[in-house]
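Peer 1: Below is the file work-v3.cif, with mmCIF, C-alpha atoms.
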data_data
#
loop_
_atom_site.label_atom_id
_atom_site.label_comp_id
_atom_site.auth_asym_id
_atom_site.auth_seq_id
_atom_site.Cartn_x
_atom_site.Cartn_y
_atom_site.Cartn_z
CA MET A 1 6.96 28.33 206.97
CA LEU A 2 9.12 25.34 207.73
CA LYS A 3 9.13 23.94 211.21
CA ARG A 4 12.42 23.32 212.97
CA TYR A 5 12.25 19.55 212.27
CA ASP A 6 11.63 20.17 208.55
CA LYS A 7 14.57 22.59 208.36
CA ILE A 8 16.91 20.05 209.93
CA LYS A 9 15.59 17.37 207.59
CA SER A 10 16.17 19.65 204.56
CA ILE A 11 19.71 20.53 205.64
CA LYS A 12 20.49 16.86 206.22
CA PHE A 13 19.17 15.97 202.75
CA ILE A 14 21.30 18.68 201.09
CA TYR A 15 24.38 17.54 203.04
CA ILE A 16 23.88 13.89 202.01
CA ASN A 17 23.46 14.89 198.35
CA CYS A 18 26.61 17.04 198.49
CA GLU A 19 28.59 14.19 200.03
CA ARG A 20 27.27 11.80 197.39
CA ARG A 21 28.22 14.18 194.58
CA LYS A 22 31.70 14.64 196.05
CA ASN A 23 32.33 10.90 195.78
CA MET A 24 30.94 10.60 192.26
CA GLY A 25 33.24 10.54 189.25
CA ILE A 26 33.14 13.31 186.69
CA LEU A 27 31.38 11.07 184.17
CA GLU A 28 28.63 10.36 186.70
CA VAL A 29 28.10 14.06 187.34
CA LEU A 30 28.01 14.93 183.64
CA ASP A 31 25.00 13.45 181.95
CA LEU A 32 26.49 11.29 179.20
CA ARG A 33 23.59 12.12 176.89
CA TYR A 34 24.65 15.75 176.76
CA VAL A 35 28.25 14.82 176.03
CA VAL A 36 27.21 12.56 173.15
CA LEU A 37 24.83 15.24 171.83
CA TYR A 38 27.61 17.85 171.98
CA PHE A 39 30.02 15.67 170.01
CA PHE A 40 27.34 14.80 167.46
CA ILE A 41 26.51 18.47 166.87
CA ILE A 42 30.11 19.72 166.77
CA ASN A 43 31.11 16.99 164.32
CA LEU A 44 28.12 17.85 162.14
CA VAL A 45 29.26 21.47 162.23
CA GLY A 46 32.78 20.40 161.22
CA PHE A 47 31.45 18.32 158.33
CA LEU A 48 29.16 21.09 157.09
CA ALA A 49 31.89 23.74 157.45
CA MET A 50 34.13 21.77 155.09
CA GLY A 51 31.27 21.40 152.60
CA ILE A 52 30.30 25.08 152.78
CA ASP A 53 33.93 26.17 152.39
CA LYS A 54 34.35 23.91 149.34
CA TYR A 55 31.16 25.33 147.80
CA LYS A 56 32.33 28.89 148.43
CA ALA A 57 35.74 28.09 146.95
CA GLN A 58 34.13 26.80 143.75
CA LYS A 59 31.87 29.89 143.46
CA ASP A 60 34.75 32.26 144.29
CA LEU A 61 32.90 33.64 147.33
CA TRP A 62 34.10 34.70 150.78
CA ARG A 63 35.60 31.63 152.48
CA ILE A 64 35.58 30.23 155.99
CA PRO A 65 39.00 31.05 157.52
CA GLU A 66 41.37 28.11 158.03
CA GLY A 67 41.68 29.06 161.69
CA THR A 68 37.94 28.58 162.14
CA LEU A 69 38.08 25.11 160.57
CA ILE A 70 40.99 24.14 162.82
CA THR A 71 39.18 25.56 165.88
CA ILE A 72 36.10 23.47 165.12
CA ALA A 73 38.34 20.39 165.02
CA LEU A 74 40.05 21.41 168.29
CA ILE A 75 36.80 21.72 170.22
CA GLY A 76 35.75 18.19 169.31
CA GLY A 77 34.74 18.26 165.66
CA SER A 78 37.80 16.56 164.22
CA ILE A 79 35.97 13.42 163.05
CA GLY A 80 33.38 15.48 161.17
CA ALA A 81 36.06 17.74 159.71
CA ILE A 82 38.11 14.75 158.50
CA ILE A 83 35.06 13.06 156.97
CA GLY A 84 34.09 16.37 155.35
CA MET A 85 37.62 16.86 154.07
CA LYS A 86 37.56 13.40 152.43
CA THR A 87 33.95 13.61 151.21
CA PHE A 88 34.25 17.01 149.58
CA ARG A 89 37.94 16.57 148.62
CA HIS A 90 38.70 19.86 150.26
CA LYS A 91 41.97 20.98 151.88
CA THR A 92 43.46 17.52 151.27
CA LYS A 93 46.74 18.88 149.90
CA LYS A 94 47.37 21.31 152.74
CA LEU A 95 49.69 19.79 155.33
CA LYS A 96 47.94 21.74 158.08
CA PHE A 97 44.78 19.74 157.39
CA SER A 98 46.03 16.41 156.02
CA VAL A 99 48.34 15.92 159.02
CA GLY A 100 46.92 18.40 161.52
CA LEU A 101 43.35 17.09 161.72
CA PRO A 102 44.35 13.45 162.29
CA THR A 103 46.84 14.64 164.92
CA ILE A 104 44.08 16.56 166.69
CA LEU A 105 41.84 13.47 166.52
CA ILE A 106 44.55 11.24 168.04
CA SER A 107 45.09 13.80 170.80
CA GLU A 108 41.36 13.97 171.54
CA VAL A 109 41.07 10.17 171.67
CA ALA A 110 44.08 10.00 174.01
CA LEU A 111 42.47 12.63 176.26
CA VAL A 112 39.18 10.70 176.38
CA VAL A 113 40.98 7.44 177.21
CA TYR A 114 42.96 9.21 179.94
CA CYS A 115 39.76 10.69 181.43
CA ILE A 116 38.02 7.32 181.38
CA ILE A 117 40.94 5.61 183.10
CA LYS A 118 41.43 8.39 185.65
CA PHE A 119 37.81 9.08 186.55
CA LEU A 120 36.17 5.66 186.30
#
Can you turn what I pasted into structure tokens?

Peer 2:
Amino acid sequence: MLKRYDKIKSIKFIYINCERRKNMGILEVLDLRYVVLYFFIINLVGFLAMGIDKYKAQKDLWRIPEGTLITIALIGGSIGAIIGMKTFRHKTKKLKFSVGLPTILISEVALVVYCIIKFL
């Protein structure tokens, strides 16, 4: 059981930590390692999705829907999807991909720059 002094000390510690967190920027609260890991994984998924879809197209199998490929790019995997598109020469003639994926990438970079300027 905590004594009265220990309870007050605990409450004070929690209050100080809350105040410190309130003054921290969003990039300080988010652990940057997890953000980098997320973008690495989602771009790997985008790259592999393009390769798998190309393979399935050549074998005349069930394909990955275009909406899924675009969604992967929208949630951060645009670099991997573009590299996969160029590497596997897949979906390069479709305007939705040849123009759409670079547009998504530019939008994502602009959003990251905005967040860095605003929150740092």

Peer 1: Please evaluate the PyMOL selection byres ((chain A and resi 54) around 9) against the structure above and give the resulting residues as a PyMOL selection string.

Peer 2: chain A and resi 49-53+55-59+63+88-91

Peer 1: Show me, as an MDAnalysis selection string, the residues that have an atom within 8 Å of segment 97-108 of chain A when counting all atoms listed in the file, minus same-chain residues fewer than 3 positions from it.

Peer 2: chainID A and resid 70 73:74 76 78:79 81:82 91:94 111:112

Peer 1: How far is it from atom CA of Ile75 of chain A to atom CA of Leu48 of chain A, in Å with one decimal?

Peer 2: 15.2 Å

Peer 1: For atom CA of Val45 of chain A and atom CA of Cys115 of chain A, quote the distance in Å rounded to one decimal.

Peer 2: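 Going from atom CA of Val45 of chain A over to atom CA of Cys115 of chain A covers 24.4 Å.
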
Peer 1: Separation of atom CA of Gly80 of chain A and atom CA of Ile117 of chain A, in Å?

Peer 2: 25.2 Å

Peer 1: Here is a test: counting all atoms listed in the file, which residue of A:Ile72, A:Glu66, A:Asp31, A:Asp60 is nearest to Leu44 of chain A?

Peer 2: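 Result for the nearest residue to Leu44 of chain A: A:Ile72.
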
Peer 1: Enclose all atoms of segment 75-90 of chain A listed in the file in an axis-aligned box, grow every side by 8 Å, and hand back centre and edge lengths in Å to one decimal, as lines of an AutoDock Vina configuration file.

Peer 2:
center_x = 36.0
center_y = 17.4
center_z = 159.4
size_x = 21.3
size_y = 24.7
size_z = 37.6
